[in-house]
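Q: mmCIF, C-alpha atoms, file entry.cif:
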```
data_entry
loop_
_atom_site.label_atom_id
_atom_site.label_comp_id
_atom_site.auth_asym_id
_atom_site.auth_seq_id
_atom_site.Cartn_x
_atom_site.Cartn_y
_atom_site.Cartn_z
CA MET A 1 67.52 30.67 18.14
CA LYS A 2 66.06 28.78 21.08
CA ASP A 3 67.50 25.43 22.11
CA PRO A 4 65.66 22.39 20.80
CA ARG A 5 63.56 20.51 23.34
CA ILE A 6 64.72 16.93 23.78
CA LEU A 7 62.85 14.12 25.51
CA ILE A 8 64.44 10.85 26.54
CA ILE A 9 61.76 8.14 26.51
CA ILE A 10 62.38 5.02 28.59
CA PRO A 11 59.74 2.28 28.42
CA ALA A 12 59.93 0.07 31.49
CA TYR A 13 58.17 -3.11 32.54
CA ASN A 14 59.19 -4.73 35.83
CA GLU A 15 62.60 -3.07 35.73
CA SER A 16 62.93 -2.25 39.43
CA ALA A 17 66.36 -3.89 39.52
CA ASN A 18 67.80 -1.64 36.77
CA ILE A 19 65.75 1.53 36.49
CA GLY A 20 67.25 3.35 39.51
CA SER A 21 70.84 3.16 38.26
CA VAL A 22 69.74 3.91 34.68
CA LEU A 23 67.97 7.11 35.79
CA ASP A 24 70.92 8.17 37.97
CA GLU A 25 73.25 7.81 34.99
CA ILE A 26 70.94 9.66 32.60
CA SER A 27 70.25 12.54 35.01
CA HIS A 28 73.97 12.92 35.53
CA ASP A 29 75.09 12.66 31.91
CA THR A 30 72.31 14.30 29.90
CA SER A 31 71.08 17.24 31.94
CA LYS A 32 69.88 19.16 28.86
CA ALA A 33 67.12 16.68 28.08
CA ASP A 34 63.83 15.93 29.85
CA ILE A 35 63.36 12.34 30.91
CA LEU A 36 60.11 10.41 30.68
CA VAL A 37 59.63 6.86 31.91
CA ILE A 38 56.68 4.93 30.55
CA ASN A 39 55.82 2.42 33.22
CA ASP A 40 54.02 -0.26 31.23
CA HIS A 41 51.78 -1.33 34.11
CA SER A 42 54.64 -3.01 35.98
CA THR A 43 53.73 -5.38 38.79
CA ASP A 44 56.83 -4.48 40.81
CA ASN A 45 57.78 -1.10 42.30
CA THR A 46 59.25 0.43 39.10
CA ALA A 47 56.87 3.43 39.33
CA GLU A 48 57.84 4.24 42.94
CA ILE A 49 61.55 4.11 42.11
CA VAL A 50 61.01 6.49 39.18
CA GLN A 51 58.94 8.89 41.28
CA LYS A 52 61.53 8.82 44.09
CA ALA A 53 64.18 9.74 41.53
CA GLY A 54 62.09 12.82 40.66
CA VAL A 55 61.65 11.73 37.06
CA LYS A 56 58.41 12.15 35.15
CA CYS A 57 56.51 8.87 34.90
CA ILE A 58 53.47 7.90 32.88
CA THR A 59 51.89 4.65 33.97
CA ASN A 60 49.99 2.84 31.25
CA LEU A 61 46.51 1.78 32.36
CA PHE A 62 47.24 -1.76 31.21
CA ASN A 63 50.26 -3.64 29.91
CA MET A 64 50.62 -2.59 26.28
CA ARG A 65 54.02 -4.20 25.61
CA TYR A 66 57.19 -2.50 24.46
CA ALA A 67 56.17 -0.90 21.16
CA TRP A 68 52.96 0.70 22.34
CA ALA A 69 54.62 1.85 25.55
CA VAL A 70 57.15 3.65 23.32
CA GLN A 71 54.26 5.10 21.33
CA THR A 72 52.72 6.46 24.56
CA GLY A 73 55.96 8.38 25.08
CA LEU A 74 55.93 9.60 21.49
CA LYS A 75 52.36 10.85 21.89
CA TYR A 76 53.49 12.76 24.98
CA ALA A 77 56.41 14.21 22.97
CA ARG A 78 53.99 15.25 20.22
CA ASP A 79 51.52 16.82 22.67
CA TYR A 80 54.23 18.77 24.48
CA ASN A 81 56.01 19.92 21.34
CA TYR A 82 59.37 18.23 21.73
CA ASP A 83 61.80 18.65 18.84
CA TYR A 84 63.69 15.40 19.37
CA ALA A 85 62.96 12.14 21.16
CA ILE A 86 65.66 9.69 22.20
CA LEU A 87 64.49 6.13 22.83
CA MET A 88 66.42 4.24 25.49
CA ASP A 89 65.94 0.90 27.19
CA ALA A 90 65.41 0.60 30.93
CA ASP A 91 67.63 -2.46 31.29
CA GLY A 92 70.92 -0.55 31.44
CA GLN A 93 72.09 -1.63 27.96
CA HIS A 94 72.09 1.89 26.58
CA ILE A 95 74.71 4.25 27.94
CA ALA A 96 73.46 7.73 28.80
CA ASN A 97 76.31 9.80 27.45
CA GLU A 98 76.04 7.97 24.11
CA ALA A 99 72.47 9.34 23.79
CA TRP A 100 73.86 12.81 23.25
CA LYS A 101 75.92 11.47 20.32
CA LEU A 102 72.70 10.39 18.63
CA TYR A 103 71.18 13.84 19.01
CA GLU A 104 74.33 15.56 17.72
CA SER A 105 74.45 13.19 14.77
CA ALA A 106 70.77 13.92 13.98
CA VAL A 107 71.48 17.64 13.92
CA GLN A 108 74.74 17.38 11.95
CA THR A 109 73.47 14.98 9.30
CA ASN A 110 69.93 16.44 9.27
CA SER A 111 68.58 12.93 9.70
CA ASP A 112 65.02 12.05 10.61
CA ILE A 113 66.11 8.91 12.47
CA VAL A 114 69.54 8.17 13.91
CA ILE A 115 70.15 4.61 15.07
CA GLY A 116 72.74 3.92 17.73
CA SER A 117 74.71 1.09 16.14
CA ARG A 118 76.71 -1.57 17.96
CA TYR A 119 78.24 -2.97 14.79
CA LEU A 120 79.22 0.05 12.68
CA LYS A 121 82.57 -0.02 14.48
CA ASP A 122 83.87 -2.73 16.73
CA LEU A 123 83.39 -1.14 20.14
CA GLY A 124 83.59 -4.42 22.02
CA TYR A 125 79.89 -5.31 22.31
CA PRO A 126 79.63 -9.04 23.09
CA CYS A 127 76.98 -10.16 20.60
CA PRO A 128 75.37 -13.59 21.16
CA PHE A 129 75.63 -15.94 18.17
CA PHE A 130 71.91 -16.12 17.28
CA ARG A 131 71.47 -12.37 17.67
CA LYS A 132 74.39 -11.84 15.28
CA ILE A 133 72.73 -14.09 12.70
CA GLY A 134 69.39 -12.24 13.10
CA THR A 135 71.08 -8.86 12.79
CA LYS A 136 72.97 -9.84 9.64
CA PHE A 137 69.84 -11.37 8.12
CA PHE A 138 67.68 -8.28 8.63
CA ALA A 139 70.51 -5.93 7.65
CA GLY A 140 70.68 -7.92 4.39
CA LEU A 141 66.92 -7.60 3.89
CA ILE A 142 67.05 -3.84 4.40
CA ARG A 143 69.89 -3.56 1.90
CA LEU A 144 68.03 -5.72 -0.60
CA PHE A 145 64.76 -3.77 -0.33
CA THR A 146 66.05 -0.21 0.16
CA LYS A 147 69.68 -0.28 -1.13
CA GLN A 148 70.77 1.28 2.15
CA LYS A 149 73.25 -0.23 4.57
CA ILE A 150 72.01 -0.38 8.15
CA ALA A 151 74.41 -2.38 10.31
CA ASP A 152 72.26 -2.64 13.44
CA PRO A 153 68.57 -2.78 12.51
CA LEU A 154 67.59 -4.34 15.84
CA SER A 155 68.86 -1.43 17.95
CA GLY A 156 66.17 0.32 19.98
CA PHE A 157 68.59 3.14 20.85
CA GLN A 158 67.37 5.83 18.45
CA CYS A 159 66.97 9.57 18.10
CA LEU A 160 63.89 10.79 16.22
CA ASN A 161 63.18 14.30 14.99
CA LYS A 162 59.83 16.08 15.26
CA LYS A 163 58.64 14.88 11.87
CA VAL A 164 59.11 11.24 12.89
CA ILE A 165 57.67 11.83 16.39
CA ASP A 166 54.47 13.20 14.82
CA TYR A 167 54.31 10.39 12.28
CA TYR A 168 54.81 7.58 14.82
CA ALA A 169 52.42 9.19 17.32
CA ASP A 170 49.64 9.55 14.79
CA CYS A 171 50.07 6.43 12.68
CA GLY A 172 47.41 3.86 13.33
CA ASN A 173 49.69 0.93 12.54
CA TYR A 174 52.71 1.30 14.83
CA PRO A 175 54.06 -2.27 14.79
CA GLU A 176 54.36 -4.63 17.75
CA PHE A 177 58.08 -5.05 17.00
CA PRO A 178 59.37 -1.70 15.67
CA ASP A 179 62.70 -2.91 14.30
CA ALA A 180 63.85 -3.75 10.75
CA ASN A 181 60.27 -3.53 9.45
CA LEU A 182 59.86 0.05 10.62
CA ILE A 183 63.28 1.03 9.24
CA ILE A 184 62.31 -0.41 5.85
CA GLU A 185 58.97 1.42 5.92
CA MET A 186 60.53 4.76 6.87
CA LEU A 187 63.24 4.40 4.18
CA LEU A 188 60.63 3.52 1.55
CA LYS A 189 58.58 6.53 2.67
CA GLY A 190 61.63 8.71 1.98
CA TYR A 191 62.73 9.50 5.54
CA LYS A 192 66.44 9.93 6.14
CA VAL A 193 67.75 7.14 8.39
CA THR A 194 71.40 7.11 9.45
CA GLU A 195 73.52 5.31 12.01
CA THR A 196 76.13 6.40 14.46
CA PRO A 197 78.44 4.03 16.36
CA VAL A 198 77.68 3.74 20.07
CA LYS A 199 78.91 1.62 22.93
CA MET A 200 76.39 -0.60 24.65
CA ARG A 201 76.44 -2.87 27.64
CA THR A 202 74.78 -6.21 28.10
CA ARG A 203 71.59 -6.33 30.21
CA GLU A 204 72.41 -5.81 33.91
CA SER A 205 69.65 -8.02 35.38
CA GLY A 206 66.12 -9.28 34.70
CA THR A 207 64.92 -10.99 31.53
CA SER A 208 64.69 -9.69 27.98
CA MET A 209 61.34 -9.50 26.17
CA HIS A 210 62.89 -11.85 23.57
CA SER A 211 63.97 -14.50 26.09
CA GLY A 212 63.06 -18.18 25.80
CA ILE A 213 62.61 -20.31 22.68
CA TRP A 214 59.15 -19.46 21.37
CA LYS A 215 59.47 -15.63 21.54
CA PRO A 216 62.61 -15.36 19.33
CA ILE A 217 61.04 -17.73 16.77
CA LYS A 218 57.81 -15.69 16.75
CA TYR A 219 59.88 -12.52 16.44
CA MET A 220 61.94 -13.79 13.49
CA VAL A 221 58.93 -15.14 11.61
CA THR A 222 56.75 -12.01 12.10
CA GLN A 223 59.66 -9.69 11.27
CA PHE A 224 60.53 -11.58 8.11
CA TYR A 225 56.90 -11.74 7.00
CA THR A 226 56.35 -8.03 7.76
CA CYS A 227 59.46 -6.99 5.83
CA ILE A 228 58.34 -8.95 2.75
CA VAL A 229 54.78 -7.57 2.90
CA LEU A 230 56.08 -4.01 3.37
CA PHE A 231 58.28 -4.35 0.32
CA VAL A 232 55.29 -5.50 -1.72
CA LYS A 233 53.10 -2.72 -0.23
CA TYR A 234 55.52 -0.03 -1.41
CA ILE A 235 56.09 -1.33 -4.93
CA GLY A 236 55.50 1.70 -7.15
CA LYS A 237 54.93 3.95 -4.11
CA ARG A 238 58.52 4.36 -2.98
CA LYS A 239 59.54 7.97 -2.32
CA ALA A 240 62.95 9.51 -2.93
CA PRO A 241 64.95 10.26 0.23
CA HIS A 242 64.27 13.67 1.73
CA ALA A 243 67.05 16.19 1.36
CA MET B 1 12.79 -38.81 10.48
CA HIS B 2 16.27 -37.68 11.57
CA ASN B 3 15.48 -34.33 10.02
CA ILE B 4 13.23 -33.47 12.95
CA TYR B 5 16.36 -33.07 15.15
CA PHE B 6 17.83 -30.53 12.74
CA ILE B 7 14.53 -28.65 12.57
CA ILE B 8 14.35 -28.49 16.38
CA PHE B 9 18.02 -27.48 16.54
CA ALA B 10 17.52 -24.64 14.01
CA LEU B 11 14.37 -23.41 15.79
CA LEU B 12 16.15 -23.42 19.16
CA ILE B 13 19.02 -21.39 17.72
CA ILE B 14 16.55 -18.89 16.23
CA LEU B 15 14.82 -18.59 19.61
CA TYR B 16 18.18 -18.10 21.35
CA ILE B 17 19.15 -15.38 18.83
CA PHE B 18 15.89 -13.49 19.50
CA TYR B 19 16.37 -13.97 23.26
CA SER B 20 19.90 -12.47 22.96
CA ILE B 21 18.55 -9.51 20.96
CA ARG B 22 15.83 -8.88 23.58
CA LYS B 23 18.46 -8.93 26.33
CA ASN B 24 20.70 -6.53 24.31
CA LYS B 25 23.47 -9.15 24.16
CA LEU B 26 23.45 -9.32 20.36
CA SER B 27 22.81 -6.43 17.99
CA ILE B 28 20.17 -6.74 15.27
CA ALA B 29 22.85 -6.14 12.62
CA ASN B 30 25.07 -8.95 13.94
CA SER B 31 22.13 -11.33 14.30
CA PHE B 32 21.35 -11.20 10.58
CA ILE B 33 24.00 -13.65 9.38
CA TRP B 34 23.10 -16.20 12.10
CA ILE B 35 19.39 -16.00 11.27
CA VAL B 36 20.28 -16.58 7.60
CA PHE B 37 22.31 -19.65 8.66
CA CYS B 38 19.38 -21.03 10.64
CA ILE B 39 16.92 -20.45 7.80
CA ILE B 40 19.23 -22.32 5.39
CA LEU B 41 19.48 -25.15 7.92
CA LEU B 42 15.68 -25.20 8.27
CA ILE B 43 15.17 -25.34 4.51
CA LEU B 44 17.68 -28.19 4.16
CA SER B 45 16.05 -30.06 7.05
CA ILE B 46 12.49 -29.70 5.76
CA TRP B 47 13.38 -30.39 2.10
CA PRO B 48 16.58 -32.51 2.14
CA THR B 49 16.18 -33.13 -1.58
CA SER B 50 16.92 -29.41 -2.22
CA LEU B 51 20.61 -30.11 -1.48
CA ASP B 52 20.61 -33.00 -3.98
CA TRP B 53 18.97 -30.74 -6.57
CA LEU B 54 21.52 -27.93 -6.02
CA ALA B 55 24.46 -30.39 -6.14
CA ASN B 56 23.07 -31.79 -9.37
CA VAL B 57 22.78 -28.28 -10.87
CA LEU B 58 26.39 -27.48 -9.87
CA GLY B 59 27.65 -30.86 -11.08
CA ILE B 60 28.76 -32.12 -7.67
CA ALA B 61 28.40 -35.88 -7.32
CA TYR B 62 28.29 -36.06 -3.53
CA PRO B 63 25.74 -33.52 -2.09
CA PRO B 64 27.08 -33.47 1.52
CA ALA B 65 30.41 -32.23 0.06
CA LEU B 66 28.54 -29.19 -1.30
CA PHE B 67 27.02 -28.51 2.13
CA LEU B 68 30.41 -28.73 3.86
CA THR B 69 32.13 -26.60 1.22
CA ILE B 70 29.52 -23.82 1.55
CA ALA B 71 29.76 -23.98 5.35
CA VAL B 72 33.58 -23.78 5.32
CA VAL B 73 33.59 -20.83 2.88
CA ILE B 74 31.01 -18.88 4.92
CA LEU B 75 32.85 -19.57 8.20
CA PHE B 76 36.17 -18.57 6.62
CA VAL B 77 34.73 -15.25 5.39
CA MET B 78 33.10 -14.58 8.77
CA ASN B 79 36.34 -15.37 10.58
CA PHE B 80 38.25 -12.99 8.33
CA VAL B 81 35.72 -10.19 8.93
CA GLN B 82 35.86 -10.80 12.70
CA SER B 83 39.66 -10.76 12.58
CA LYS B 84 39.60 -7.34 10.91
CA LYS B 85 37.12 -6.06 13.49
CA ILE B 86 39.27 -7.32 16.37
CA GLU B 87 42.33 -5.61 14.84
CA ASP B 88 40.39 -2.34 14.55
CA LEU B 89 39.17 -2.59 18.15
CA HIS B 90 42.68 -3.45 19.37
CA LYS B 91 44.04 -0.27 17.75
CA LYS B 92 41.28 1.80 19.34
CA VAL B 93 41.82 0.27 22.79
CA ILE B 94 45.56 0.95 22.61
CA ASP B 95 44.95 4.51 21.39
CA LEU B 96 42.41 5.19 24.15
CA GLY B 97 44.64 3.58 26.77
CA GLN B 98 47.62 5.69 25.70
CA GLU B 99 45.70 8.97 25.63
CA LEU B 100 44.06 8.25 28.99
CA SER B 101 47.37 7.18 30.58
CA ILE B 102 48.96 10.46 29.47
CA GLN B 103 45.98 12.50 30.69
CA LYS B 104 45.86 10.76 34.07
CA SER B 105 49.60 11.14 34.61
CA THR B 106 49.69 14.79 33.57
CA GLN B 107 46.40 16.13 34.95
CA LYS B 108 48.20 17.91 37.79
CA GLU B 109 50.50 19.63 35.31
CA SER B 110 49.80 22.57 33.06
CA PRO B 111 47.39 21.81 30.20
CA LYS B 112 48.73 20.56 26.91
CA PRO B 113 50.27 23.38 24.91
CA LYS B 114 49.03 21.92 21.67
CA THR B 115 45.79 20.26 20.69
CA PRO B 116 46.51 16.84 19.17
CA LYS B 117 45.91 16.57 15.47
CA PRO B 118 43.07 14.37 14.28
CA LYS B 119 44.25 10.81 13.80
CA SER B 120 45.18 9.86 10.29
CA LYS B 121 44.54 6.28 9.29
CA SER B 122 47.35 4.73 7.36
#
```
Mind converting the file's structure to C-alpha cells?

A:
Amino acid sequence: MKDPRILIIIPAYNESANIGSVLDEISHDTSKADILVINDHSTDNTAEIVQKAGVKCITNLFNMRYAWAVQTGLKYARDYNYDYAILMDADGQHIANEAWKLYESAVQTNSDIVIGSRYLKDLGYPCPFFRKIGTKFFAGLIRLFTKQKIADPLSGFQCLNKKVIDYYADCGNYPEFPDANLIIEMLLKGYKVTETPVKMRTRESGTSMHSGIWKPIKYMVTQFYTCIVLFVKYIGKRKAPHA
Amino acid sequence: MHNIYFIIFALLIILYIFYSIRKNKLSIANSFIWIVFCIILLILSIWPTSLDWLANVLGIAYPPALFLTIAVVILFVMNFVQSKKIEDLHKKVIDLGQELSIQKSTQKESPKPKTPKPKSKS
C-alpha cells in the first residue's frame, strides 16, 4: 500500500519576521509531508523568504484574508490529490513535530478532522484571560448543539482527510472565520471530529488577525450568530456520525 | 405649483436612466425598477389627489405616511436583493481569484493530475 500524500498548508500575510524560522522547523521535523505556503498578497517580502527556503508558494492575486487563503491551499490539495492536509499558522505558534501527531491521530482514530488542542491536557500554554472565556463559551455551544466535547474549538492547527479537503474546497460557503461554526456544521453533517493534545507556543512577533478591540468583538458576535443560525439550519437534517 | 419641481425631477431621472442605458452603464433589466419608481413619482406629482384616494381606500389617515411606508418597503426589498447579489459576486470573485492564483503559481509545473469537479452550491 502506497504512503498517503500529506500537504502542510501555511497561510501567511506579512509574516516575514516569522515565516523563515517556521519553514526551517517544518522542513526539519516533518520531511514526509509536502509544504505549501499561501502568501495572501503580503506587502512585505514573505514570498521571497518562502522561495529562498525552496518551499512551494502560491501567491493570492489579492488579499483574501485567512479563511479563503486556507481554502486556496485546500483547492490545491484537492487538485493534486493529497490524502491529508495539515493546517498550520505562519506565526510560529504551531510546533512542527506536533503536526505529525495530528496525522497519526487521524489515521488511528479514522477521524475526518483532528484538532490540535491546547486545553485537552495542561501542556503549559499561557492562555490570555479573554481568549479563555471565548474558548469556554464556544466549547459550551458546541456541546449544547452537538453533544460532543471539543476543548479547543478556536484552534487552527488541524489535520483534514481527503473527504474534508474535497468538501471544503468545493463548498461555496466556506466561512470567513472557520472556527467553532465550522466544527458545529461538520459535526451536524456527520463528520467525525476528534482532538489530540498538542503543545503550542505564543506568537513570536507581528500582530494577530484578532488584535485590537473592534476585531475580537466582531469575531465573537459573528461566531455566536453563525453558531445559532447553523443549529437552526440543521434542525431535522442532522446526520449520524460516520463510522 | 410645487408639483412642477417633482415632475421635472422625475423626467430628469428618466432621461438620465436612458442616457445610462445608451452608454451601456446600466442594463435594461436593472433599469426597469428605477423607471417604475419615476413613473410612480410622475403620477403622484401630476395627480397628488391619487395618494389621498389610495390612503383613504387603505384606511390611512395621513397620506404622506403611506408614501413613506411604500418607499421604505421598496428600498428595503431592493437593498436585500442587492445584498444577496453582492454576496454571490463575492463568492465568485474569491473562487476565481483562488483558481487563478493556483494556476499562475503552478503553470511551470506539471499539469494538474485531476480535473476539478464541478462546483456544488451548498

Q: Can you list what the PyMOL selection byres ((chain A) within 7 of (chain B)) grabs from this structure, as an NGL selection string?

A: :A and (58-61 or 72 or 76 or 79-80 or 170-173)

Q: Starting from the displayed file, determine the output of the PyMOL selection byres ((chain B and resi 3) around 10) and express the residue list as a short mmCIF file (atom, residue, chain, number, x, y, z; two decimals) with C-alpha atoms, in the frame of the given file.

A:
```cif
data_model
loop_
_atom_site.label_atom_id
_atom_site.label_comp_id
_atom_site.auth_asym_id
_atom_site.auth_seq_id
_atom_site.Cartn_x
_atom_site.Cartn_y
_atom_site.Cartn_z
CA MET B 1 12.79 -38.81 10.48
CA HIS B 2 16.27 -37.68 11.57
CA ILE B 4 13.23 -33.47 12.95
CA TYR B 5 16.36 -33.07 15.15
CA PHE B 6 17.83 -30.53 12.74
CA ILE B 7 14.53 -28.65 12.57
CA ILE B 8 14.35 -28.49 16.38
CA PHE B 9 18.02 -27.48 16.54
CA LEU B 42 15.68 -25.20 8.27
CA LEU B 44 17.68 -28.19 4.16
CA SER B 45 16.05 -30.06 7.05
CA ILE B 46 12.49 -29.70 5.76
CA TRP B 47 13.38 -30.39 2.10
CA PRO B 48 16.58 -32.51 2.14
#
```

Q: How would you write, as an MDAnalysis selection string, the residues chosen by the PyMOL selection byres ((chain B and resi 67) around 12) on this structure?

A: chainID B and resid 37 40:41 44 48 50:52 54:55 60 62:66 68:74

Q: Could the centre and edge lengths of an axis-aligned box, enclosing all atoms of region 37-49 of chain B in the file with 5 Å extra on each side, be given in Å to one decimal as lines of an AutoDock Vina configuration file?

A:
```
center_x = 17.4
center_y = -26.4
center_z = 4.5
size_x = 19.8
size_y = 23.5
size_z = 22.2
```

Q: Rounded to one decimal place, report the CA of Leu12 (chain B)-CA of Cys38 (chain B) distance in Å.

A: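 Atom-to-atom, CA of Leu12 (chain B) and CA of Cys38 (chain B) are spaced 9.4 Å apart.
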
Q: May I have the protein, DNA and RNA residues with any atom at most 6 Å from the point (60.9, 13.2, 20.3), counting only C-alpha atoms, written as a PyMOL selection string?

A: chain A and resi 7+77+82-85+160-162+165
